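Printed here is entry.cif (mmCIF, C-alpha atoms):
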```cif
data_structure
#
loop_
_atom_site.label_atom_id
_atom_site.label_comp_id
_atom_site.auth_asym_id
_atom_site.auth_seq_id
_atom_site.Cartn_x
_atom_site.Cartn_y
_atom_site.Cartn_z
CA MET Z 273 -32.92 -1.50 33.19
CA TYR Z 274 -35.97 -1.18 35.40
CA ILE Z 275 -39.52 -1.60 34.09
CA TYR Z 276 -42.19 -0.18 36.39
CA LYS Z 277 -45.88 -0.92 35.78
CA THR Z 278 -47.61 2.32 36.67
CA ARG Z 279 -50.88 2.93 38.48
CA GLY Z 280 -53.37 5.72 37.80
CA ILE Z 281 -51.53 7.51 35.00
CA CYS Z 282 -51.67 7.41 31.21
CA PRO Z 283 -48.36 5.63 30.38
CA PRO Z 284 -48.66 1.97 31.45
CA GLU Z 285 -44.90 1.62 32.02
CA ILE Z 286 -41.89 3.68 33.02
CA HIS Z 287 -38.45 2.45 31.96
CA PHE Z 288 -35.25 3.75 33.55
CA GLN Z 289 -31.73 2.88 34.56
CA LEU Z 290 -29.87 3.48 37.78
CA THR Z 291 -26.10 3.41 37.85
CA GLY Z 292 -25.24 3.90 41.49
CA ASN Z 293 -27.16 7.06 42.31
CA THR Z 294 -27.35 8.31 38.74
CA LEU Z 295 -30.61 8.19 36.82
CA THR Z 296 -30.54 7.66 33.06
CA GLY Z 297 -32.78 6.49 30.20
CA VAL Z 298 -36.12 7.54 31.73
CA ARG Z 299 -38.94 6.73 29.31
CA PHE Z 300 -42.67 6.99 29.91
CA VAL Z 301 -44.09 4.53 27.40
CA GLY Z 302 -47.38 3.40 25.92
CA GLY Z 303 -49.42 6.58 26.31
CA GLY Z 304 -49.63 10.02 27.83
CA CYS Z 305 -48.22 13.37 26.80
CA ARG Z 306 -45.22 12.48 24.67
CA GLY Z 307 -43.77 15.97 24.58
CA ASN Z 308 -43.91 16.50 28.33
CA ALA Z 309 -42.58 12.99 28.94
CA GLN Z 310 -39.61 13.59 26.66
CA LEU Z 311 -38.87 16.86 28.40
CA ILE Z 312 -38.93 15.17 31.81
CA SER Z 313 -36.59 12.46 30.46
CA ARG Z 314 -34.13 15.02 29.14
CA LEU Z 315 -34.19 17.08 32.33
CA LEU Z 316 -33.56 13.99 34.46
CA GLU Z 317 -30.84 12.42 32.30
CA GLY Z 318 -27.70 11.84 34.34
CA ARG Z 319 -29.02 13.54 37.50
CA GLU Z 320 -28.38 12.26 41.02
CA ILE Z 321 -31.51 10.63 42.45
CA ASP Z 322 -31.14 12.38 45.81
CA GLU Z 323 -31.38 15.62 43.90
CA VAL Z 324 -34.42 14.70 41.79
CA LEU Z 325 -36.56 12.64 44.19
CA PRO Z 326 -37.85 15.68 46.13
CA LEU Z 327 -38.82 17.29 42.81
CA LEU Z 328 -40.86 14.27 41.71
CA LYS Z 329 -42.59 13.34 44.94
CA GLY Z 330 -46.28 14.02 45.40
CA ILE Z 331 -47.03 15.89 42.15
CA GLN Z 332 -50.73 15.48 41.36
CA CYS Z 333 -52.28 15.07 37.92
CA ARG Z 334 -55.00 12.43 38.13
CA ASN Z 335 -56.01 9.56 40.45
CA ASN Z 336 -54.02 11.15 43.28
CA THR Z 337 -50.75 10.71 41.42
CA SER Z 338 -48.87 11.80 38.27
CA CYS Z 339 -46.08 10.66 35.93
CA PRO Z 340 -43.36 12.27 38.09
CA ASP Z 341 -44.94 10.86 41.27
CA GLN Z 342 -45.05 7.35 39.74
CA LEU Z 343 -41.39 7.70 38.76
CA PHE Z 344 -40.64 8.70 42.36
CA GLN Z 345 -42.33 5.52 43.58
CA ALA Z 346 -40.51 3.42 40.99
CA ILE Z 347 -37.10 4.76 42.01
CA GLN Z 348 -37.91 4.20 45.68
CA LEU Z 349 -38.82 0.56 44.96
CA ALA Z 350 -35.62 0.09 42.94
CA ARG Z 351 -33.53 1.57 45.75
CA GLU Z 352 -35.18 -0.73 48.28
CA GLY Z 353 -34.52 -3.75 46.04
CA LYS Z 354 -38.26 -4.31 45.57
CA LEU Z 355 -38.18 -3.69 41.81
CA ARG Z 356 -36.11 -6.21 39.88
CA GLU Z 357 -33.49 -4.94 37.48
CA GLU Z 358 -34.04 -6.54 34.06
CA GLU Z 359 -31.44 -7.28 31.45
CA PRO Z 360 -32.44 -5.17 28.44
CA ILE Z 361 -33.23 -6.93 25.17
CA ALA Z 362 -29.94 -6.41 23.32
CA VAL Z 363 -29.93 -4.68 19.93
CA TYR Z 364 -26.88 -4.62 17.68
CA GLU Z 365 -26.81 -1.64 15.33
CA VAL Z 366 -24.38 -2.31 12.50
CA PRO Z 367 -22.44 0.92 11.94
CA VAL Z 368 -21.71 0.39 8.22
CA PRO Z 369 -24.35 0.77 5.48
CA TYR Z 370 -24.66 -1.98 2.88
CA ARG Z 371 -26.03 -2.50 -0.63
CA ARG Z 372 -25.95 -6.29 -0.98
CA VAL Z 373 -26.20 -8.78 1.87
CA ALA Z 374 -26.99 -12.45 2.44
CA VAL Z 375 -29.32 -13.38 5.29
CA LEU Z 376 -29.59 -16.90 6.59
CA ALA Z 377 -31.02 -18.73 9.58
CA GLU Z 378 -31.19 -22.13 11.24
CA VAL Z 379 -27.58 -23.13 10.69
CA ASN Z 380 -28.19 -25.75 13.39
CA GLY Z 381 -24.53 -26.46 13.98
CA ASN Z 382 -23.78 -27.21 10.33
CA ALA Z 383 -20.29 -25.71 9.94
CA GLU Z 384 -19.97 -26.86 6.33
CA ALA Z 385 -23.19 -25.07 5.34
CA LEU Z 386 -22.07 -21.90 7.10
CA ARG Z 387 -18.65 -22.07 5.40
CA LEU Z 388 -20.38 -22.21 2.03
CA ALA Z 389 -22.72 -19.35 2.88
CA LEU Z 390 -19.81 -17.18 3.93
CA ARG Z 391 -18.30 -17.58 0.44
CA GLN Z 392 -21.21 -15.89 -1.31
CA PRO Z 393 -20.46 -12.70 -3.29
CA VAL Z 394 -22.01 -10.22 -0.85
CA GLU Z 395 -20.76 -7.44 1.41
CA ALA Z 396 -21.96 -9.14 4.58
CA VAL Z 397 -23.66 -12.29 5.82
CA PHE Z 398 -26.14 -12.05 8.68
CA CYS Z 399 -27.60 -14.98 10.61
CA LEU Z 400 -31.07 -14.67 12.17
CA GLY Z 401 -30.49 -17.23 14.90
CA ASN Z 402 -30.06 -20.89 15.73
CA LEU Z 403 -26.45 -20.94 14.75
CA THR Z 404 -26.43 -24.02 16.97
CA GLY Z 405 -28.74 -27.03 16.90
CA PRO Z 406 -29.54 -30.20 18.83
CA ALA Z 407 -27.45 -32.54 16.67
CA GLY Z 408 -24.91 -30.05 15.34
CA ASP Z 409 -21.20 -29.41 15.62
CA ASN Z 410 -21.93 -26.42 17.82
CA ASP Z 411 -18.37 -25.66 18.87
CA GLY Z 412 -17.24 -25.95 15.25
CA VAL Z 413 -19.89 -23.61 13.94
CA VAL Z 414 -19.40 -21.06 16.70
CA GLU Z 415 -15.63 -21.05 16.19
CA LEU Z 416 -16.16 -20.44 12.47
CA ALA Z 417 -18.60 -17.63 13.26
CA ARG Z 418 -16.10 -16.07 15.66
CA ARG Z 419 -13.21 -16.35 13.18
CA LYS Z 420 -15.24 -14.79 10.37
CA LYS Z 421 -16.83 -12.18 12.67
CA LEU Z 422 -20.30 -13.29 11.59
CA ILE Z 423 -23.02 -10.94 12.76
CA PHE Z 424 -25.90 -12.95 14.18
CA VAL Z 425 -28.80 -12.73 16.60
CA GLN Z 426 -29.72 -15.38 19.12
CA GLY Z 427 -32.28 -18.04 18.37
CA PRO Z 428 -33.75 -20.25 21.10
CA PHE Z 429 -31.18 -23.03 20.55
CA ASP Z 430 -28.34 -20.51 20.98
CA ARG Z 431 -29.66 -19.75 24.47
CA THR Z 432 -30.27 -23.32 25.55
CA LEU Z 433 -27.68 -25.55 23.84
CA PRO Z 434 -24.33 -24.75 25.35
CA CYS Z 435 -21.09 -25.35 23.51
CA THR Z 436 -18.35 -27.33 25.22
CA ARG Z 437 -15.78 -24.54 25.22
CA PRO Z 438 -16.45 -21.62 27.60
CA GLU Z 439 -15.35 -18.96 25.08
CA ASN Z 440 -17.94 -20.28 22.61
CA ARG Z 441 -20.64 -20.28 25.28
CA GLU Z 442 -19.71 -16.68 26.11
CA PHE Z 443 -19.84 -15.72 22.41
CA LEU Z 444 -23.38 -17.08 22.17
CA ARG Z 445 -24.43 -15.52 25.46
CA ARG Z 446 -23.31 -12.07 24.36
CA ALA Z 447 -25.09 -12.17 21.01
CA PRO Z 448 -27.89 -9.64 20.54
CA LEU Z 449 -31.56 -10.44 20.00
CA TYR Z 450 -32.24 -7.74 17.44
CA LEU Z 451 -30.10 -6.68 14.51
CA ARG Z 452 -30.41 -3.27 12.88
CA PHE Z 453 -28.63 -2.23 9.71
CA GLN Z 454 -29.01 0.09 6.79
CA LEU Z 455 -29.38 -1.20 3.24
CA GLY Z 456 -29.36 1.64 0.74
CA ARG Z 457 -32.21 3.85 1.95
CA CYS Z 458 -33.92 1.03 3.86
CA ARG Z 459 -33.79 0.65 7.61
CA VAL Z 460 -33.64 -3.09 8.23
CA LEU Z 461 -34.55 -5.00 11.41
CA GLY Z 462 -33.77 -8.68 11.96
CA PHE Z 463 -34.71 -11.10 14.73
CA TYR Z 464 -35.36 -14.82 15.13
CA GLY Z 465 -38.95 -14.79 16.36
CA GLY Z 466 -41.48 -14.50 19.14
CA PHE Z 467 -39.46 -16.30 21.83
CA ILE Z 468 -37.97 -12.89 22.69
CA GLN Z 469 -41.24 -11.90 24.39
CA GLU Z 470 -40.77 -14.73 26.92
CA LEU Z 471 -37.48 -13.23 28.13
CA ASP Z 472 -37.11 -11.11 31.27
CA GLY Z 473 -36.67 -7.52 30.23
CA PHE Z 474 -39.13 -7.69 27.34
CA SER Z 475 -41.70 -4.92 27.24
CA ASP Z 476 -44.47 -4.35 24.70
CA TYR Z 477 -43.27 -0.77 24.54
CA ALA Z 478 -39.54 -1.31 24.06
CA PRO Z 479 -37.90 -0.45 20.72
CA TYR Z 480 -38.80 -3.04 18.03
CA SER Z 481 -41.40 -4.82 20.19
CA LEU Z 482 -44.12 -3.52 17.88
CA GLU Z 483 -42.49 -5.08 14.81
CA LEU Z 484 -41.89 -8.36 16.68
CA LEU Z 485 -45.46 -8.61 18.01
CA MET Z 486 -47.01 -7.75 14.67
CA VAL Z 487 -45.04 -10.54 12.99
CA SER Z 488 -45.30 -13.26 15.63
CA ASN Z 489 -48.52 -12.61 17.54
CA LEU Z 490 -50.75 -10.82 15.04
CA SER Z 491 -49.89 -12.43 11.72
CA ASP Z 492 -48.49 -15.77 12.96
CA TYR Z 493 -45.34 -15.12 10.90
CA LEU Z 494 -47.40 -13.99 7.87
CA ARG Z 495 -49.39 -17.25 7.82
CA ASN Z 496 -52.64 -15.59 8.89
CA GLU Z 497 -53.42 -13.60 5.77
CA SER Z 498 -56.84 -12.53 7.07
CA VAL Z 499 -55.15 -9.97 9.34
CA TYR Z 500 -53.00 -8.45 6.59
CA PRO Z 501 -55.24 -5.31 6.47
CA ALA Z 502 -54.58 -4.72 10.18
CA LEU Z 503 -50.88 -5.52 9.80
CA GLU Z 504 -50.65 -3.07 6.93
CA ALA Z 505 -52.38 -0.39 9.01
CA MET Z 506 -49.90 -0.94 11.84
CA THR Z 507 -46.86 -0.61 9.57
CA GLY Z 508 -47.48 3.13 9.69
CA GLN Z 509 -46.08 2.99 13.24
CA PHE Z 510 -43.02 0.88 12.38
CA SER Z 511 -39.57 2.32 12.89
CA VAL Z 512 -38.06 0.28 10.01
CA ASP Z 513 -38.72 -0.43 6.32
CA VAL Z 514 -37.72 -4.10 6.22
CA VAL Z 515 -38.41 -6.80 8.83
CA LEU Z 516 -36.42 -10.04 8.63
CA PHE Z 517 -37.30 -13.02 10.79
CA ALA Z 518 -36.94 -16.80 10.96
CA SER Z 519 -38.73 -19.17 13.33
CA THR Z 520 -41.00 -21.06 10.89
CA ASN Z 521 -38.64 -22.94 8.52
CA GLU Z 522 -40.55 -21.20 5.71
CA TRP Z 523 -39.49 -18.77 3.00
CA LYS Z 524 -41.72 -15.83 2.23
CA HIS Z 525 -41.56 -12.22 1.10
CA VAL Z 526 -44.58 -9.97 1.46
CA ARG Z 527 -44.83 -6.21 1.07
CA LEU Z 528 -47.56 -4.54 3.13
CA GLY Z 529 -47.83 -0.79 3.16
CA LYS Z 530 -44.30 0.49 2.89
CA VAL Z 531 -42.76 -2.42 4.78
CA ASP Z 532 -41.15 -5.56 3.35
CA PHE Z 533 -41.56 -8.66 5.53
CA ILE Z 534 -39.07 -11.42 4.78
CA ASN Z 535 -39.29 -14.84 6.41
CA VAL Z 536 -35.95 -16.65 6.15
CA GLY Z 537 -36.00 -20.45 6.28
CA PRO Z 538 -33.27 -22.95 7.15
CA LEU Z 539 -29.83 -22.67 5.55
CA LYS Z 540 -29.54 -26.37 4.69
CA ALA Z 541 -32.27 -28.46 3.09
CA GLU Z 542 -31.52 -31.96 1.80
CA SER Z 543 -29.08 -31.43 -1.07
CA TYR Z 544 -28.93 -27.66 -1.26
CA PHE Z 545 -28.24 -24.50 0.72
CA LYS Z 546 -30.55 -21.56 0.65
CA TYR Z 547 -30.29 -17.96 1.79
CA ALA Z 548 -32.02 -14.63 1.19
CA LEU Z 549 -30.15 -12.21 -1.03
CA ILE Z 550 -31.21 -8.66 -0.24
CA GLU Z 551 -29.95 -5.92 -2.42
CA TRP Z 552 -30.41 -2.18 -2.87
CA ALA Z 553 -30.20 -1.74 -6.62
CA GLY Z 554 -31.58 0.91 -8.95
CA GLU Z 555 -32.97 2.79 -5.95
CA GLU Z 556 -35.16 -0.10 -4.88
CA LEU Z 557 -35.09 -3.14 -2.65
CA CYS Z 558 -34.59 -6.47 -4.44
CA VAL Z 559 -35.19 -9.73 -2.58
CA SER Z 560 -34.51 -13.23 -3.87
CA PHE Z 561 -34.10 -16.62 -2.26
CA GLU Z 562 -30.88 -18.10 -3.62
CA VAL Z 563 -30.22 -21.83 -3.87
CA VAL Z 564 -26.71 -23.27 -3.94
CA LYS Z 565 -26.21 -26.97 -4.74
CA ALA Z 566 -24.40 -28.86 -2.02
CA MET F 27 -61.92 5.44 17.36
CA ALA F 28 -61.92 6.03 21.11
CA GLU F 29 -62.82 9.64 20.40
CA ALA F 30 -65.95 8.49 18.52
CA VAL F 31 -67.05 6.58 21.60
CA LYS F 32 -66.16 9.42 23.96
CA ALA F 33 -68.26 11.78 21.85
CA LEU F 34 -71.43 9.75 22.42
CA PRO F 35 -74.29 11.52 24.25
CA GLN F 36 -74.29 11.03 28.00
CA GLU F 37 -77.51 8.95 27.96
CA ILE F 38 -75.77 6.42 25.71
CA ARG F 39 -72.54 6.47 27.71
CA ASP F 40 -74.60 5.75 30.83
CA ILE F 41 -75.76 2.40 29.44
CA ILE F 42 -72.43 1.09 28.13
CA GLU F 43 -69.03 0.11 29.44
CA VAL F 44 -66.15 1.00 27.18
CA HIS F 45 -62.91 -0.95 26.88
CA GLU F 46 -60.15 0.16 24.58
CA TRP F 47 -57.43 -2.26 23.48
CA ASP F 48 -54.04 -1.07 22.31
CA MET F 49 -52.91 -3.04 19.24
CA ARG F 50 -49.28 -2.43 20.18
CA THR F 51 -49.67 -4.75 23.15
CA ARG F 52 -49.93 -8.52 23.49
CA GLU F 53 -53.26 -8.10 25.27
CA GLY F 54 -54.64 -5.93 22.45
CA ILE F 55 -53.54 -8.35 19.74
CA LYS F 56 -55.04 -11.28 21.67
CA ARG F 57 -58.39 -9.52 21.93
CA PHE F 58 -58.27 -8.56 18.23
CA LEU F 59 -57.76 -12.21 17.27
CA GLU F 60 -60.47 -13.42 19.68
CA LEU F 61 -62.94 -11.13 17.94
CA LYS F 62 -61.76 -12.47 14.56
CA ALA F 63 -61.17 -8.93 13.44
CA LYS F 64 -59.18 -8.25 10.29
CA SER F 65 -58.85 -4.50 10.03
CA LEU F 66 -58.37 -1.41 12.12
CA PRO F 67 -60.08 0.39 13.66
CA SER F 68 -62.74 -2.03 14.91
CA ILE F 69 -65.66 -1.75 17.33
CA ALA F 70 -67.25 -4.78 18.99
CA LEU F 71 -70.50 -4.64 20.90
CA ASP F 72 -71.27 -7.42 23.38
CA ASN F 73 -68.27 -9.41 22.05
CA GLU F 74 -69.51 -9.17 18.47
CA LEU F 75 -67.56 -7.32 15.83
CA VAL F 76 -69.90 -4.66 14.47
CA PHE F 77 -67.78 -2.00 12.78
CA GLU F 78 -64.51 -2.78 11.06
CA ALA F 79 -62.05 -0.56 9.19
CA VAL F 80 -64.37 2.36 9.70
CA ILE F 81 -65.21 5.02 12.24
CA PRO F 82 -69.00 4.82 12.13
CA PRO F 83 -71.24 7.87 11.98
CA GLN F 84 -72.51 8.60 15.47
CA GLU F 85 -76.13 7.74 14.57
CA ASP F 86 -75.05 4.29 13.27
CA LEU F 87 -73.10 3.61 16.44
CA ILE F 88 -76.01 4.74 18.64
CA ALA F 89 -78.46 2.58 16.64
CA ALA F 90 -76.20 -0.47 16.99
CA ILE F 91 -75.90 0.08 20.75
CA LYS F 92 -79.65 0.59 21.19
CA ALA F 93 -80.38 -2.55 19.17
CA ARG F 94 -78.46 -4.53 21.79
CA TYR F 95 -79.70 -2.68 24.85
CA THR F 96 -82.25 -4.67 26.75
CA GLY F 97 -82.37 -2.64 29.99
#
```

Could you express the structure from this file as structure tokens?
Amino acid sequence: MYIYKTRGICPPEIHFQLTGNTLTGVRFVGGGCRGNAQLISRLLEGREIDEVLPLLKGIQCRNNTSCPDQLFQAIQLAREGKLREEEPIAVYEVPVPYRRVAVLAEVNGNAEALRLALRQPVEAVFCLGNLTGPAGDNDGVVELARRKKLIFVQGPFDRTLPCTRPENREFLRRAPLYLRFQLGRCRVLGFYGGFIQELDGFSDYAPYSLELLMVSNLSDYLRNESVYPALEAMTGQFSVDVVLFASTNEWKHVRLGKVDFINVGPLKAESYFKYALIEWAGEELCVSFEVVKA
Amino acid sequence: MAEAVKALPQEIRDIIEVHEWDMRTREGIKRFLELKAKSLPSIALDNELVFEAVIPPQEDLIAAIKARYTG
């Protein structure tokens, strides 16, 4: 994916993909005429760039340029190798809807703790990152996760602490950064935390960036309660109903506006295991933090 | 909120510089926290938060600007 910082037009960025000479996924983001921008994107989807470049070039709107003209310049830079292609921030959308799931985080290479968590009476177990840890049995935990087809997102340790076996390293490398699933009528988003914004390919305007930035940058993972009014106001622009995250080693559930924010702490603490049980029951979302004795 | 500022009379617009921050961006959030704002929308004048969680009536906004104008 290419991210082009525009000049002189309303949208601050244009996102697009080039596969050979074929243009796909054009998005003008962060401002401007949404309807016109969507129409342009649809008209350009899958077209050959040699065919579309003459149509885009030189159109004037303001500041001696326009959205199409900026896209022309972006494509030219990409073709010349002067615009770096970024790896998109990977999202895994779980195809099956659920009613009762367990969510855990910070396994930190503790295969025994993960084994116990996987035995809980739920339809699925999701891990919000740091499956691995500095002093953990990382190959053991990753092999268990692979065997049990655990759905998890990367935490910072999973990107920096390699396993010994190449297939385990590859498993970690291919893990997504965002998780999306449906729980009853709730659209649920899960991620580890703010480290995602340090990665190449992150854009403030990409899908789910708003939810991530509101949690990590605005509210400091819900610790800054003084900004809750602003956070609540911003939930009106969210694309999900539930936001799950880790990152702080704390457990917290707060409802602001129509959005439930759930901070999931570490799986293992001293003599017990802990996870978030999230259930759609009686037409409402039920959240509890479950403790299992070691 | 930006519309309220854009609707100011020209003689007021001539004596101010307007910056708008987008709360969806890292830069916007940073500025919001620097101003110690809590709610949206907010207006700061000369780096001081003056209106919060409200779009002020035009006369209030003009009075607040004039109170800070020393030119």

Could you tell me which residues the PyMOL selection byres ((chain F and resi 33-46) around 10) returns for this structure, as a PDB file with C-alpha atoms, in the coordinates of the input?
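Result went into expr17.pdb, see below:
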```pdb
ATOM      1  CA  MET F  27     -61.920   5.440  17.360  1.00  0.00           C
ATOM      2  CA  ALA F  28     -61.920   6.030  21.110  1.00  0.00           C
ATOM      3  CA  GLU F  29     -62.820   9.640  20.400  1.00  0.00           C
ATOM      4  CA  ALA F  30     -65.950   8.490  18.520  1.00  0.00           C
ATOM      5  CA  VAL F  31     -67.050   6.580  21.600  1.00  0.00           C
ATOM      6  CA  LYS F  32     -66.160   9.420  23.960  1.00  0.00           C
ATOM      7  CA  TRP F  47     -57.430  -2.260  23.480  1.00  0.00           C
ATOM      8  CA  ASP F  48     -54.040  -1.070  22.310  1.00  0.00           C
ATOM      9  CA  MET F  49     -52.910  -3.040  19.240  1.00  0.00           C
ATOM     10  CA  GLY F  54     -54.640  -5.930  22.450  1.00  0.00           C
ATOM     11  CA  ILE F  69     -65.660  -1.750  17.330  1.00  0.00           C
ATOM     12  CA  ALA F  70     -67.250  -4.780  18.990  1.00  0.00           C
ATOM     13  CA  LEU F  71     -70.500  -4.640  20.900  1.00  0.00           C
ATOM     14  CA  ASP F  72     -71.270  -7.420  23.380  1.00  0.00           C
ATOM     15  CA  GLN F  84     -72.510   8.600  15.470  1.00  0.00           C
ATOM     16  CA  GLU F  85     -76.130   7.740  14.570  1.00  0.00           C
ATOM     17  CA  LEU F  87     -73.100   3.610  16.440  1.00  0.00           C
ATOM     18  CA  ILE F  88     -76.010   4.740  18.640  1.00  0.00           C
ATOM     19  CA  ILE F  91     -75.900   0.080  20.750  1.00  0.00           C
ATOM     20  CA  LYS F  92     -79.650   0.590  21.190  1.00  0.00           C
ATOM     21  CA  TYR F  95     -79.700  -2.680  24.850  1.00  0.00           C
ATOM     22  CA  THR F  96     -82.250  -4.670  26.750  1.00  0.00           C
ATOM     23  CA  GLY F  97     -82.370  -2.640  29.990  1.00  0.00           C
TER      24      GLY F  97
END
```

Give me, as a list in words, the contact residues of chain Z against chain F at a cut-off of 7 Å, counting all atoms listed in the file. Asp476, Leu482, Asn489, Leu490, Ser498, Val499, Pro501, Ala502 and Ala505 of chain Z

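In this structure, CA of Leu390 (chain Z) sits 8.6 Å away from CA of Leu422 (chain Z).
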
Work out how far CA of Leu311 (chain Z) is from CA of Leu290 (chain Z), in Å to one decimal. 18.7 Å

Residues within 12 Å of region 351-363 of chain Z, only C-alpha atoms, excluding chain neighbours under 2 positions, as a ChimeraX atom specification: /Z:273-277,287-295,297,321-322,325,344-349,365-366,423-426,445-453,461-463,467-481

Output C-alpha atoms for every residue in the selection just made, as a compact mmCIF listing (two decimals), in the coordinates of the input.
```txt
# COMPACT_ATOMS: atom_id res chain seq x y z
CA MET Z 273 -32.92 -1.50 33.19
CA TYR Z 274 -35.97 -1.18 35.40
CA ILE Z 275 -39.52 -1.60 34.09
CA TYR Z 276 -42.19 -0.18 36.39
CA LYS Z 277 -45.88 -0.92 35.78
CA HIS Z 287 -38.45 2.45 31.96
CA PHE Z 288 -35.25 3.75 33.55
CA GLN Z 289 -31.73 2.88 34.56
CA LEU Z 290 -29.87 3.48 37.78
CA THR Z 291 -26.10 3.41 37.85
CA GLY Z 292 -25.24 3.90 41.49
CA ASN Z 293 -27.16 7.06 42.31
CA THR Z 294 -27.35 8.31 38.74
CA LEU Z 295 -30.61 8.19 36.82
CA GLY Z 297 -32.78 6.49 30.20
CA ILE Z 321 -31.51 10.63 42.45
CA ASP Z 322 -31.14 12.38 45.81
CA LEU Z 325 -36.56 12.64 44.19
CA PHE Z 344 -40.64 8.70 42.36
CA GLN Z 345 -42.33 5.52 43.58
CA ALA Z 346 -40.51 3.42 40.99
CA ILE Z 347 -37.10 4.76 42.01
CA GLN Z 348 -37.91 4.20 45.68
CA LEU Z 349 -38.82 0.56 44.96
CA GLU Z 365 -26.81 -1.64 15.33
CA VAL Z 366 -24.38 -2.31 12.50
CA ILE Z 423 -23.02 -10.94 12.76
CA PHE Z 424 -25.90 -12.95 14.18
CA VAL Z 425 -28.80 -12.73 16.60
CA GLN Z 426 -29.72 -15.38 19.12
CA ARG Z 445 -24.43 -15.52 25.46
CA ARG Z 446 -23.31 -12.07 24.36
CA ALA Z 447 -25.09 -12.17 21.01
CA PRO Z 448 -27.89 -9.64 20.54
CA LEU Z 449 -31.56 -10.44 20.00
CA TYR Z 450 -32.24 -7.74 17.44
CA LEU Z 451 -30.10 -6.68 14.51
CA ARG Z 452 -30.41 -3.27 12.88
CA PHE Z 453 -28.63 -2.23 9.71
CA LEU Z 461 -34.55 -5.00 11.41
CA GLY Z 462 -33.77 -8.68 11.96
CA PHE Z 463 -34.71 -11.10 14.73
CA PHE Z 467 -39.46 -16.30 21.83
CA ILE Z 468 -37.97 -12.89 22.69
CA GLN Z 469 -41.24 -11.90 24.39
CA GLU Z 470 -40.77 -14.73 26.92
CA LEU Z 471 -37.48 -13.23 28.13
CA ASP Z 472 -37.11 -11.11 31.27
CA GLY Z 473 -36.67 -7.52 30.23
CA PHE Z 474 -39.13 -7.69 27.34
CA SER Z 475 -41.70 -4.92 27.24
CA ASP Z 476 -44.47 -4.35 24.70
CA TYR Z 477 -43.27 -0.77 24.54
CA ALA Z 478 -39.54 -1.31 24.06
CA PRO Z 479 -37.90 -0.45 20.72
CA TYR Z 480 -38.80 -3.04 18.03
CA SER Z 481 -41.40 -4.82 20.19
```
